[in-house]
$ cat work39.txt   # compact mmCIF, C-alpha atoms
# COMPACT_ATOMS: atom_id res chain seq x y z
CA MET A 1 0.00 0.00 0.00
CA ASN A 2 2.97 2.30 -0.30
CA ILE A 3 2.10 3.25 -3.87
CA GLY A 4 -0.52 5.76 -2.73
CA LEU A 5 1.88 7.50 -0.38
CA LEU A 6 4.63 7.53 -3.01
CA LEU A 7 2.29 9.02 -5.61
CA LEU A 8 1.11 11.72 -3.22
CA SER A 9 4.66 12.63 -2.19
CA THR A 10 5.76 12.90 -5.83
CA VAL A 11 2.87 15.25 -6.70
CA LEU A 12 3.63 17.33 -3.61
CA LEU A 13 7.31 17.55 -4.51
CA ILE A 14 6.57 18.68 -8.07
CA LEU A 15 4.14 21.35 -6.87
CA LEU A 16 6.60 22.58 -4.23
CA VAL A 17 9.31 22.97 -6.86
CA ILE A 18 6.92 24.94 -9.09
CA ALA A 19 5.86 27.13 -6.17
CA LEU A 20 9.46 27.84 -5.20
CA ARG A 21 10.49 28.69 -8.75
CA ARG A 22 7.54 31.05 -9.07
CA ARG A 23 8.45 32.54 -5.67
CA GLU A 24 4.92 32.06 -4.39
CA PRO A 25 4.42 33.61 -0.94
CA ILE A 26 4.12 30.82 1.63
CA GLY A 27 1.75 32.67 3.94
CA PRO A 28 -1.50 32.15 1.97
CA ILE A 29 -0.65 28.48 1.31
CA VAL A 30 -0.19 27.75 5.01
CA LYS A 31 -3.36 29.71 5.77
CA ARG A 32 -5.43 27.63 3.35
CA LEU A 33 -3.86 24.41 4.67
CA VAL A 34 -4.67 25.26 8.30
CA GLU A 35 -8.24 26.33 7.48
CA GLN A 36 -9.04 23.23 5.40
CA GLY A 37 -7.28 20.90 7.83
CA ALA A 38 -9.23 22.32 10.77
CA LYS A 39 -12.51 21.78 8.93
CA LEU A 40 -11.76 18.24 7.79
CA ILE A 41 -9.41 16.33 10.07
CA PRO A 42 -11.34 16.28 13.40
CA ARG A 43 -14.57 15.30 11.61
CA MET A 44 -12.82 12.72 9.49
CA ILE A 45 -11.39 11.01 12.59
CA CYS A 46 -14.87 10.74 14.14
CA ALA A 47 -16.43 9.59 10.84
CA LEU A 48 -13.87 6.83 10.34
CA ILE A 49 -14.36 5.54 13.88
CA ALA A 50 -18.15 5.73 13.59
CA ALA A 51 -18.04 3.94 10.22
CA GLY A 52 -16.09 1.09 11.80
CA PHE A 53 -18.67 0.64 14.57
CA ILE A 54 -21.76 1.12 12.40
CA ALA A 55 -20.49 -1.47 9.92
CA GLN A 56 -20.33 -3.98 12.80
CA ILE A 57 -23.93 -3.33 13.82
CA LEU A 58 -25.70 -3.04 10.45
CA PRO A 59 -27.46 -6.01 8.85
CA LYS A 60 -24.79 -6.96 6.35
CA GLU A 61 -27.02 -9.41 4.48
CA ALA A 62 -29.50 -6.70 3.45
CA ILE A 63 -26.83 -4.35 2.10
CA ALA A 64 -25.04 -7.20 0.36
CA ARG A 65 -28.34 -8.27 -1.20
CA TYR A 66 -29.15 -4.82 -2.61
CA LEU A 67 -25.68 -3.40 -3.34
CA GLY A 68 -23.62 -6.54 -3.68
CA PRO A 69 -22.89 -8.91 -6.56
CA GLU A 70 -26.15 -10.80 -5.88
CA ALA A 71 -28.16 -7.77 -6.97
CA GLY A 72 -26.95 -8.13 -10.56
CA LEU A 73 -27.85 -5.27 -12.86
CA MET A 74 -30.23 -3.79 -10.27
CA VAL A 75 -27.21 -2.68 -8.25
CA ILE A 76 -26.75 0.32 -10.56
CA PRO A 77 -30.18 2.01 -10.12
CA LEU A 78 -30.25 1.07 -6.42
CA ALA A 79 -26.80 2.54 -5.74
CA ALA A 80 -27.61 5.64 -7.80
CA GLY A 81 -30.76 6.07 -5.72
CA ALA A 82 -28.82 5.64 -2.48
CA GLY A 83 -26.44 8.41 -3.60
CA LEU A 84 -29.38 10.80 -3.94
CA LEU A 85 -30.26 10.22 -0.30
CA ILE A 86 -27.05 11.75 1.08
CA PRO A 87 -27.52 15.53 1.22
CA ALA A 88 -24.20 16.09 2.98
CA GLY A 89 -20.50 16.57 2.45
CA PRO A 90 -17.79 13.97 1.83
CA VAL A 91 -17.30 13.10 5.50
CA ILE A 92 -20.72 11.48 5.69
CA ALA A 93 -20.86 10.22 2.11
CA PHE A 94 -17.54 8.36 2.35
CA ALA A 95 -18.28 7.04 5.84
CA VAL A 96 -21.50 5.56 4.38
CA ALA A 97 -19.56 4.19 1.40
CA ALA A 98 -17.09 2.57 3.79
CA VAL A 99 -19.96 0.99 5.73
CA PHE A 100 -21.48 -0.32 2.47
CA SER A 101 -18.10 -1.67 1.46
CA LYS A 102 -17.58 -3.54 4.73
CA ALA A 103 -21.09 -4.94 4.53
CA GLY A 104 -20.37 -6.50 1.14
CA ALA A 105 -21.37 -3.90 -1.47
CA SER A 106 -19.71 -4.52 -4.83
CA THR A 107 -17.18 -2.23 -6.55
CA VAL A 108 -19.85 -1.39 -9.16
CA GLY A 109 -22.31 -0.40 -6.44
CA LEU A 110 -19.73 1.77 -4.67
CA VAL A 111 -18.59 3.57 -7.84
CA THR A 112 -22.23 4.29 -8.76
CA PHE A 113 -23.09 5.42 -5.24
CA ILE A 114 -20.15 7.84 -4.93
CA THR A 115 -20.69 9.23 -8.45
CA SER A 116 -24.41 9.77 -7.84
CA TRP A 117 -23.79 11.50 -4.51
CA SER A 118 -20.99 13.67 -5.92
CA ILE A 119 -23.20 14.97 -8.75
CA PHE A 120 -26.53 15.41 -6.98
CA ALA A 121 -25.63 16.24 -3.35
CA ALA A 122 -28.73 18.23 -2.46
CA HIS A 123 -27.14 20.53 0.12
CA ARG A 124 -24.73 21.85 -2.52
CA ILE A 125 -27.59 22.55 -4.93
CA LEU A 126 -29.55 24.46 -2.31
CA ILE A 127 -26.68 26.40 -0.78
CA TYR A 128 -24.58 27.18 -3.87
CA GLU A 129 -26.01 26.20 -7.23
CA LEU A 130 -29.48 27.76 -7.07
CA PRO A 131 -28.41 31.08 -5.47
CA LEU A 132 -25.28 31.54 -7.62
CA LEU A 133 -26.40 30.17 -11.00
CA GLY A 134 -30.19 30.12 -10.90
CA ALA A 135 -32.96 27.61 -11.55
CA SER A 136 -32.63 27.46 -15.35
CA PHE A 137 -28.96 26.48 -15.12
CA PHE A 138 -29.85 23.89 -12.49
CA ARG A 139 -32.53 22.31 -14.74
CA MET A 140 -30.18 22.26 -17.71
CA ARG A 141 -27.37 20.69 -15.63
CA VAL A 142 -29.56 18.00 -14.08
CA LEU A 143 -30.82 16.90 -17.50
CA SER A 144 -27.23 16.84 -18.79
CA VAL A 145 -25.83 14.69 -15.97
CA LEU A 146 -28.82 12.42 -15.31
CA LEU A 147 -27.11 9.50 -17.01
CA VAL A 148 -23.63 10.04 -15.56
CA PRO A 149 -23.96 7.80 -12.45
CA ILE A 150 -25.53 5.05 -14.58
CA LEU A 151 -22.70 5.36 -17.13
CA ALA A 152 -20.14 5.18 -14.33
CA GLY A 153 -21.80 2.03 -13.00
CA VAL A 154 -21.97 0.40 -16.43
CA LEU A 155 -18.30 1.22 -17.11
CA ALA A 156 -17.32 -0.21 -13.71
CA MET A 157 -19.31 -3.34 -14.54
CA VAL A 158 -17.54 -3.71 -17.90
CA VAL A 159 -14.13 -3.27 -16.24
CA GLY A 160 -15.20 -5.83 -13.63
CA LEU A 161 -15.78 -8.40 -16.37
CA ILE A 162 -12.16 -8.05 -17.48
CA THR A 163 -10.23 -7.55 -14.26
CA ASN A 164 -10.56 -7.55 -10.51
CA PHE A 165 -8.65 -4.26 -10.32
CA GLY A 166 -10.26 -1.58 -8.20
CA ALA A 167 -11.80 -3.58 -5.37
CA PRO A 168 -11.91 -1.43 -2.23
CA THR A 169 -9.11 -2.46 0.10
CA ILE A 170 -8.53 -0.18 3.03
CA MET A 171 -11.80 -0.37 4.90
CA ARG A 172 -12.29 -4.09 4.44
CA MET B 1 6.57 38.89 8.23
CA SER B 2 3.24 40.47 7.25
CA GLU B 3 2.65 37.40 5.10
CA PHE B 4 1.80 35.47 8.25
CA SER B 5 -0.01 38.26 10.09
CA TYR B 6 -3.23 36.23 10.08
CA LEU B 7 -1.64 33.89 12.62
CA LYS B 8 -1.82 36.68 15.21
CA ASP B 9 -5.36 37.68 14.24
CA PRO B 10 -7.64 36.59 17.12
CA THR B 11 -10.75 36.45 14.85
CA TRP B 12 -9.01 34.13 12.40
CA ARG B 13 -7.78 31.88 15.22
CA LYS B 14 -11.24 31.73 16.73
CA ASP B 15 -12.76 30.84 13.33
CA VAL B 16 -10.26 28.02 12.83
CA VAL B 17 -10.94 26.56 16.28
CA ARG B 18 -14.69 26.88 15.68
CA ASP B 19 -14.38 25.15 12.31
CA ALA B 20 -12.37 22.37 13.92
CA PHE B 21 -14.30 21.74 17.13
CA GLY B 22 -17.61 23.57 16.69
CA LYS B 23 -21.14 22.23 16.36
CA GLY B 24 -20.45 20.21 13.21
CA PHE B 25 -17.58 18.38 14.90
CA LEU B 26 -19.64 17.73 18.05
CA GLY B 27 -22.34 16.11 15.90
CA PHE B 28 -19.79 13.70 14.45
CA LEU B 29 -18.31 13.03 17.89
CA VAL B 30 -21.76 12.16 19.28
CA VAL B 31 -22.42 9.76 16.39
CA ALA B 32 -19.01 8.10 16.92
CA VAL B 33 -19.59 7.69 20.67
CA LEU B 34 -23.17 6.44 20.24
CA SER B 35 -22.26 3.93 17.55
CA GLY B 36 -19.35 2.76 19.72
CA ALA B 37 -21.65 2.30 22.73
CA LEU B 38 -24.19 0.45 20.58
CA CYS B 39 -21.51 -1.80 19.12
CA TRP B 40 -20.32 -2.58 22.65
CA ARG B 41 -23.85 -3.45 23.87
CA ILE B 42 -24.75 -5.60 20.89
CA LYS B 43 -21.49 -7.27 19.98
CA GLY B 44 -19.60 -7.35 23.28
CA THR B 45 -16.32 -5.95 24.61
CA GLU B 46 -14.00 -8.05 22.53
CA LEU B 47 -15.36 -7.05 19.13
CA PHE B 48 -15.73 -3.44 20.27
CA LEU B 49 -12.05 -3.25 21.20
CA GLU B 50 -11.01 -5.06 18.04
CA THR B 51 -12.95 -2.59 15.89
CA PHE B 52 -11.64 0.41 17.79
CA VAL B 53 -8.00 -0.69 17.58
CA GLY B 54 -8.50 -1.40 13.86
CA ASP B 55 -9.92 2.09 13.31
CA ALA B 56 -7.06 3.67 15.28
CA GLU B 57 -4.43 1.80 13.27
CA LEU B 58 -6.13 2.84 10.06
CA LEU B 59 -6.14 6.48 11.16
CA ALA B 60 -2.45 6.38 12.04
CA LYS B 61 -1.71 4.97 8.60
CA LEU B 62 -3.89 7.52 6.81
CA PHE B 63 -2.87 10.65 8.67
CA PRO B 64 0.34 11.41 6.72
CA ARG B 65 -1.53 10.92 3.42
CA ILE B 66 -4.30 13.27 4.42
CA VAL B 67 -1.82 15.97 5.44
CA ILE B 68 0.07 15.60 2.15
CA ALA B 69 -3.19 15.67 0.13
CA LEU B 70 -4.34 18.82 1.90
CA THR B 71 -0.96 20.47 1.27
CA ILE B 72 -1.26 19.63 -2.44
CA ALA B 73 -4.76 21.12 -2.47
CA ALA B 74 -3.58 24.31 -0.76
CA LEU B 75 -0.71 24.73 -3.25
CA ILE B 76 -3.05 24.28 -6.24
CA TRP B 77 -5.65 26.58 -4.75
CA VAL B 78 -3.14 29.40 -4.42
CA MET B 79 -1.51 28.91 -7.83
CA LEU B 80 -4.61 28.18 -9.99
CA PRO B 81 -4.79 30.71 -12.88
CA ARG B 82 -8.51 31.52 -12.55
CA ASN B 83 -8.68 34.29 -15.15
CA ARG B 84 -6.78 32.32 -17.77
CA ILE B 85 -9.33 29.52 -17.50
CA ALA B 86 -12.24 31.90 -18.06
CA SER B 87 -10.73 33.14 -21.32
CA LEU B 88 -10.25 29.58 -22.62
CA VAL B 89 -13.82 28.25 -22.31
CA GLY B 90 -15.81 30.91 -24.18
CA ALA B 91 -18.97 30.47 -26.26
CA ASP B 92 -17.17 29.10 -29.32
CA SER B 93 -14.50 27.09 -27.57
CA GLY B 94 -15.72 23.85 -29.18
CA PHE B 95 -14.55 20.42 -28.12
CA ALA B 96 -11.28 21.87 -26.79
CA GLY B 97 -13.34 24.03 -24.43
CA LEU B 98 -14.93 20.91 -22.94
CA ILE B 99 -11.53 19.33 -22.40
CA ILE B 100 -10.07 22.46 -20.81
CA ALA B 101 -13.15 22.79 -18.58
CA THR B 102 -12.80 19.14 -17.54
CA ILE B 103 -9.13 19.62 -16.64
CA ALA B 104 -9.91 22.85 -14.76
CA GLY B 105 -12.68 21.12 -12.78
CA THR B 106 -10.39 18.21 -11.98
CA VAL B 107 -7.66 20.38 -10.48
CA THR B 108 -9.92 22.90 -8.75
CA PRO B 109 -9.44 22.06 -5.08
CA GLY B 110 -11.61 22.84 -2.11
CA GLY B 111 -15.23 22.33 -1.28
CA PRO B 112 -18.32 23.62 -3.09
CA SER B 113 -17.77 27.19 -1.93
CA SER B 114 -14.66 27.60 -4.08
CA ALA B 115 -15.87 25.45 -7.00
CA TYR B 116 -19.26 27.17 -7.36
CA ALA B 117 -17.69 30.58 -6.93
CA LEU B 118 -15.40 29.81 -9.88
CA LEU B 119 -18.35 28.35 -11.84
CA ALA B 120 -20.27 31.60 -11.34
CA VAL B 121 -17.25 33.61 -12.53
CA LEU B 122 -17.04 31.44 -15.65
CA ALA B 123 -20.79 31.79 -16.29
CA ILE B 124 -20.69 35.58 -16.02
CA SER B 125 -17.62 35.87 -18.23
CA GLY B 126 -19.53 34.15 -21.04
CA ALA B 127 -18.41 30.54 -20.86
CA ASP B 128 -20.23 28.06 -23.05
CA ARG B 129 -22.90 26.02 -21.19
CA GLY B 130 -21.31 22.71 -22.15
CA ALA B 131 -18.04 23.91 -20.61
CA LEU B 132 -19.86 24.99 -17.44
CA VAL B 133 -21.49 21.57 -17.05
CA ALA B 134 -18.22 19.79 -17.88
CA PHE B 135 -16.38 21.92 -15.31
CA ILE B 136 -18.72 21.25 -12.40
CA THR B 137 -19.19 17.58 -13.33
CA ALA B 138 -15.41 17.16 -13.46
CA TRP B 139 -15.00 18.87 -10.11
CA ALA B 140 -17.64 16.56 -8.60
CA THR B 141 -16.57 13.24 -10.12
CA LEU B 142 -12.85 13.67 -10.91
CA GLY B 143 -11.81 16.34 -8.38
CA LEU B 144 -8.26 15.45 -7.36
CA GLN B 145 -8.69 16.79 -3.86
CA ARG B 146 -11.73 14.57 -3.28
CA ILE B 147 -9.94 11.54 -4.71
CA LEU B 148 -6.77 12.09 -2.70
CA VAL B 149 -8.40 13.08 0.58
CA TRP B 150 -11.45 10.79 0.49
CA ASP B 151 -11.32 7.95 -2.05
CA VAL B 152 -7.74 6.92 -1.28
CA PRO B 153 -8.07 6.78 2.53
CA PHE B 154 -11.58 5.36 2.73
CA MET B 155 -11.66 3.03 -0.28
CA GLY B 156 -8.03 2.32 -1.21
CA THR B 157 -5.66 3.42 -3.98
CA GLU B 158 -6.91 0.85 -6.52
CA PHE B 159 -10.54 1.83 -6.09
CA ALA B 160 -9.59 5.52 -6.35
CA MET B 161 -7.72 4.89 -9.62
CA LEU B 162 -10.58 2.84 -11.03
CA ARG B 163 -13.16 5.48 -10.20
CA PHE B 164 -10.95 8.23 -11.67
CA LEU B 165 -10.35 6.34 -14.93
CA ILE B 166 -14.01 5.42 -15.34
CA SER B 167 -15.09 9.01 -14.71
CA LEU B 168 -12.64 10.56 -17.22
CA PRO B 169 -15.06 10.66 -20.21
CA LEU B 170 -18.17 11.54 -18.18
CA PRO B 171 -17.80 15.36 -17.90
CA ILE B 172 -17.29 15.58 -21.66
CA VAL B 173 -20.39 13.45 -22.32
CA ALA B 174 -22.38 15.66 -19.93
CA GLY B 175 -21.04 18.79 -21.65
CA LEU B 176 -22.07 17.49 -25.09
CA ILE B 177 -25.57 16.68 -23.79
CA ALA B 178 -25.77 20.17 -22.23
CA ARG B 179 -25.01 21.79 -25.60
CA SER B 180 -27.76 19.82 -27.32
CA LEU B 181 -30.52 20.57 -24.82
CA PRO B 182 -33.20 23.01 -26.02
CA ILE B 183 -33.32 24.98 -22.76
CA THR B 184 -32.73 28.70 -22.38
CA VAL B 185 -30.44 29.44 -19.47
CA THR B 186 -30.52 32.80 -17.74
CA PHE B 187 -28.22 33.60 -14.85
CA PRO B 188 -29.25 35.59 -11.77
CA ASP B 189 -28.19 39.25 -11.99
CA LYS B 190 -25.01 40.21 -10.26
$ encode --input "work39.txt" --output "structure tokens"
Amino acid sequence: MNIGLLLLSTVLLILLVIALRRREPIGPIVKRLVEQGAKLIPRMICALIAAGFIAQILPKEAIARYLGPEAGLMVIPLAAGAGLLIPAGPVIAFAVAAVFSKAGASTVGLVTFITSWSIFAAHRILIYELPLLGASFFRMRVLSVLLVPILAGVLAMVVGLITNFGAPTIMR
Amino acid sequence: MSEFSYLKDPTWRKDVVRDAFGKGFLGFLVVAVLSGALCWRIKGTELFLETFVGDAELLAKLFPRIVIALTIAALIWVMLPRNRIASLVGADSGFAGLIIATIAGTVTPGGPSSAYALLAVLAISGADRGALVAFITAWATLGLQRILVWDVPFMGTEFAMLRFLISLPLPIVAGLIARSLPITVTFPDK
């Protein structure tokens, strides 16, 4: 599992070199880092711990039946629907995804779920999209992206026919 | 020195502490404690401890990655050429405009506040609607910050790579659909 860390460190190194060569002031970078870290890290710690416990309690059979390999093609609409039900940020969405994963949801189900949530998260639409861009943009966007979670699920299914690559590992 | 003056600003410090340990955090803490208590009651001490130790080990392993990912996001956020992007995705930017918008959405870090702010800037400066849809779809599905901070720690590197690769064509498809829709879009005045 060191590939992830190696990849991250390489990207960081490249960006640092670019920043140094451009003589970017360090102050604003540190400021942004502290602000984002404060918002995310304490919540993430709680969410990860909660996800571990909730996965132990939940009825695994039910989730495996609806979002697992047994569900067949139905997994795609079901997972897309589940994604619509999460009107919250990534902390909650990924904690739920981790719980699904531990309970036996398939890779296809998880890809579809995360894609659906990321595109339709209702809180974002209400707080940002409608006020900033208006209702007509929102209608046009929803019609344009309606098929995206389904497409993601179908592509994941096709990849799954060829290779096992991409199965969730960490939270198992 | 003035570059770091915000560190001494008491309002900024208070905001950071509130963001970190305010109401939102307390909600998560309560859920973690309640689910832990429930797990203990239902499944017994042994499994509770096993789960908790497993979670703690996972956190220890993930922490360096999360810090690195957030540093990458902060660097990109500061260096992103916002105005250059706006001039590249205009009304007649064609297929190239969709690709540029997809790349811009992918590297735009931060939560919805920064992404939608940039989307609004692009909309006002006359970006093509396909490019707007491609941009926000790319930010949502391909966003590097989300993949590095969330997919990699929670789901694993392989899953993150798979989801990224699968999602690559999707913003462009969405942008092409957006261009073909017979809907008039008007933006709120501002």
$ closest_residue --input "work39.txt" --among "A:Ala82, A:Val154, A:Ile76, A:Leu132" --to "Leu170 in chain B" --atoms "only C-alpha atoms"
A:Val154
$ residues_around --input "work39.txt" --residues "Gly27 in chain A" --least-positions-apart "3" --cutoff "6 Å" --atoms "all atoms listed in the file" --output "list in words"
Val30 of chain A; Glu3 and Phe4 of chain B
$ closest_residue --input "work39.txt" --among "B:Val89, B:Ala60, B:Ala74, B:Ala104" --to "chain A" --atoms "only C-alpha atoms"
B:Ala74
$ atom_distance --input "work39.txt" --atom1 "CA of Ser144 in chain A" --atom2 "CA of Ala127 in chain B"
16.4 Å
$ residues_around --input "work39.txt" --residues "Ala101 in chain B" --least-positions-apart "6" --cutoff "10 Å" --atoms "only C-alpha atoms" --output "number ranges by chain"
B: 85-86, 88-89, 95, 122, 127-128, 130-139, 171-172, 175
$ atom_distance --input "work39.txt" --atom1 "CA of Ile29 in chain A" --atom2 "CA of Phe28 in chain B"
27.5 Å
$ atom_distance --input "work39.txt" --atom1 "CA of Arg43 in chain A" --atom2 "CA of Ser118 in chain A"
18.7 Å
$ closest_residue --input "work39.txt" --among "A:Leu143, A:Ile49, A:Val148, A:Ala156" --to "Leu49 in chain B" --atoms "all atoms listed in the file"
A:Ile49
$ residues_around --input "work39.txt" --residues "Cys39 in chain B" --least-positions-apart "5" --cutoff "12 Å" --atoms "all atoms listed in the file" --output "list of chain:residue names"
A:Ile49, A:Ala50, A:Ala51, A:Gly52, A:Phe53, A:Ile54, A:Ala55, A:Gln56, A:Ile57, A:Leu58, B:Val31, B:Ala32, B:Val33, B:Leu34, B:Gly44, B:Thr45, B:Glu46, B:Leu47, B:Phe48, B:Leu49, B:Glu50, B:Thr51, B:Phe52
$ closest_residue --input "work39.txt" --among "B:Trp150, B:Phe159, B:Phe187, B:Tyr116" --to "Arg129 in chain B" --atoms "all atoms listed in the file"
B:Phe187
$ residues_around --input "work39.txt" --residues "Leu78 in chain A" --least-positions-apart "3" --cutoff "9 Å" --atoms "all atoms listed in the file" --output "MDAnalysis selection string"
chainID A and resid 66:67 74:75 81:83 109 112:113
$ axis_aligned_box --input "work39.txt" --around "range 35-45 of chain B" --padding-each-side "8 Å" --output "AutoDock Vina command-line options"
--center_x -20.5 --center_y -1.7 --center_z 21.1 --size_x 24.4 --size_y 27.3 --size_z 23.1
$ residues_near_point --input "work39.txt" --point "(3.1, 26.7, 1.1)" --cutoff "10 Å" --atoms "all atoms listed in the file" --output "ChimeraX atom specification"
/A:15-16,19-20,24-33 /B:71-72,74-76,78
$ closest_residue --input "work39.txt" --among "B:Gly97, B:Pro64, B:Gly105, B:Pro10" --to "chain A" --atoms "only C-alpha atoms"
B:Pro64
$ decode --input "work39.txt" --residues "range 5-13 of chain B" --atoms "all heavy atoms" --output "mmCIF file, in the first residue's frame"
data_model
loop_
_atom_site.group_PDB
_atom_site.id
_atom_site.type_symbol
_atom_site.label_atom_id
_atom_site.label_comp_id
_atom_site.auth_asym_id
_atom_site.auth_seq_id
_atom_site.Cartn_x
_atom_site.Cartn_y
_atom_site.Cartn_z
ATOM 1 N N SER B 5 0.637 37.456 9.051
ATOM 2 C CA SER B 5 -0.006 38.260 10.088
ATOM 3 C C SER B 5 -1.321 37.641 10.563
ATOM 4 O O SER B 5 -1.735 37.856 11.700
ATOM 5 C CB SER B 5 -0.243 39.680 9.581
ATOM 6 O OG SER B 5 -0.997 39.623 8.389
ATOM 7 N N TYR B 6 -1.963 36.837 9.672
ATOM 8 C CA TYR B 6 -3.234 36.231 10.080
ATOM 9 C C TYR B 6 -3.091 35.316 11.292
ATOM 10 O O TYR B 6 -4.025 35.095 12.041
ATOM 11 C CB TYR B 6 -3.859 35.452 8.916
ATOM 12 C CG TYR B 6 -2.972 34.375 8.348
ATOM 13 C CD1 TYR B 6 -2.915 33.119 8.920
ATOM 14 C CD2 TYR B 6 -2.164 34.639 7.232
ATOM 15 C CE1 TYR B 6 -2.101 32.130 8.402
ATOM 16 C CE2 TYR B 6 -1.341 33.650 6.707
ATOM 17 C CZ TYR B 6 -1.312 32.393 7.296
ATOM 18 O OH TYR B 6 -0.494 31.424 6.787
ATOM 19 N N LEU B 7 -1.855 34.782 11.486
ATOM 20 C CA LEU B 7 -1.636 33.890 12.622
ATOM 21 C C LEU B 7 -1.884 34.599 13.948
ATOM 22 O O LEU B 7 -2.246 33.974 14.940
ATOM 23 C CB LEU B 7 -0.202 33.342 12.591
ATOM 24 C CG LEU B 7 0.091 32.285 11.527
ATOM 25 C CD1 LEU B 7 1.569 31.933 11.521
ATOM 26 C CD2 LEU B 7 -0.743 31.031 11.755
ATOM 27 N N LYS B 8 -1.643 35.934 13.963
ATOM 28 C CA LYS B 8 -1.819 36.682 15.213
ATOM 29 C C LYS B 8 -3.236 37.245 15.330
ATOM 30 O O LYS B 8 -3.608 37.772 16.362
ATOM 31 C CB LYS B 8 -0.811 37.836 15.266
ATOM 32 C CG LYS B 8 0.631 37.367 15.347
ATOM 33 C CD LYS B 8 1.515 38.475 15.898
ATOM 34 C CE LYS B 8 2.985 38.115 15.822
ATOM 35 N NZ LYS B 8 3.612 38.565 14.561
ATOM 36 N N ASP B 9 -4.027 37.108 14.248
ATOM 37 C CA ASP B 9 -5.363 37.681 14.240
ATOM 38 C C ASP B 9 -6.308 36.831 15.109
ATOM 39 O O ASP B 9 -6.571 35.671 14.788
ATOM 40 C CB ASP B 9 -5.872 37.713 12.788
ATOM 41 C CG ASP B 9 -7.275 38.278 12.684
ATOM 42 O OD1 ASP B 9 -7.832 38.638 13.733
ATOM 43 O OD2 ASP B 9 -7.791 38.351 11.555
ATOM 44 N N PRO B 10 -6.808 37.392 16.222
ATOM 45 C CA PRO B 10 -7.643 36.586 17.123
ATOM 46 C C PRO B 10 -8.935 36.096 16.453
ATOM 47 O O PRO B 10 -9.394 34.978 16.729
ATOM 48 C CB PRO B 10 -7.961 37.537 18.281
ATOM 49 C CG PRO B 10 -7.617 38.900 17.801
ATOM 50 C CD PRO B 10 -6.591 38.750 16.718
ATOM 51 N N THR B 11 -9.513 36.885 15.524
ATOM 52 C CA THR B 11 -10.751 36.448 14.854
ATOM 53 C C THR B 11 -10.476 35.218 14.004
ATOM 54 O O THR B 11 -11.240 34.263 14.004
ATOM 55 C CB THR B 11 -11.284 37.564 13.933
ATOM 56 O OG1 THR B 11 -10.929 38.810 14.502
ATOM 57 C CG2 THR B 11 -12.780 37.472 13.790
ATOM 58 N N TRP B 12 -9.365 35.262 13.256
ATOM 59 C CA TRP B 12 -9.014 34.125 12.401
ATOM 60 C C TRP B 12 -8.801 32.877 13.232
ATOM 61 O O TRP B 12 -9.312 31.807 12.920
ATOM 62 C CB TRP B 12 -7.756 34.448 11.598
ATOM 63 C CG TRP B 12 -7.389 33.342 10.639
ATOM 64 C CD1 TRP B 12 -7.948 33.096 9.422
ATOM 65 C CD2 TRP B 12 -6.394 32.329 10.824
ATOM 66 N NE1 TRP B 12 -7.366 31.983 8.846
ATOM 67 C CE2 TRP B 12 -6.421 31.503 9.675
ATOM 68 C CE3 TRP B 12 -5.494 32.045 11.852
ATOM 69 C CZ2 TRP B 12 -5.562 30.417 9.521
ATOM 70 C CZ3 TRP B 12 -4.644 30.952 11.701
ATOM 71 C CH2 TRP B 12 -4.680 30.159 10.547
ATOM 72 N N ARG B 13 -8.047 33.038 14.347
ATOM 73 C CA ARG B 13 -7.776 31.880 15.216
ATOM 74 C C ARG B 13 -9.064 31.301 15.763
ATOM 75 O O ARG B 13 -9.248 30.078 15.803
ATOM 76 C CB ARG B 13 -6.918 32.323 16.405
ATOM 77 C CG ARG B 13 -5.490 32.575 16.054
ATOM 78 C CD ARG B 13 -4.704 32.494 17.326
ATOM 79 N NE ARG B 13 -3.541 33.342 17.279
ATOM 80 C CZ ARG B 13 -2.708 33.447 18.313
ATOM 81 N NH1 ARG B 13 -2.978 32.822 19.447
ATOM 82 N NH2 ARG B 13 -1.639 34.184 18.222
#
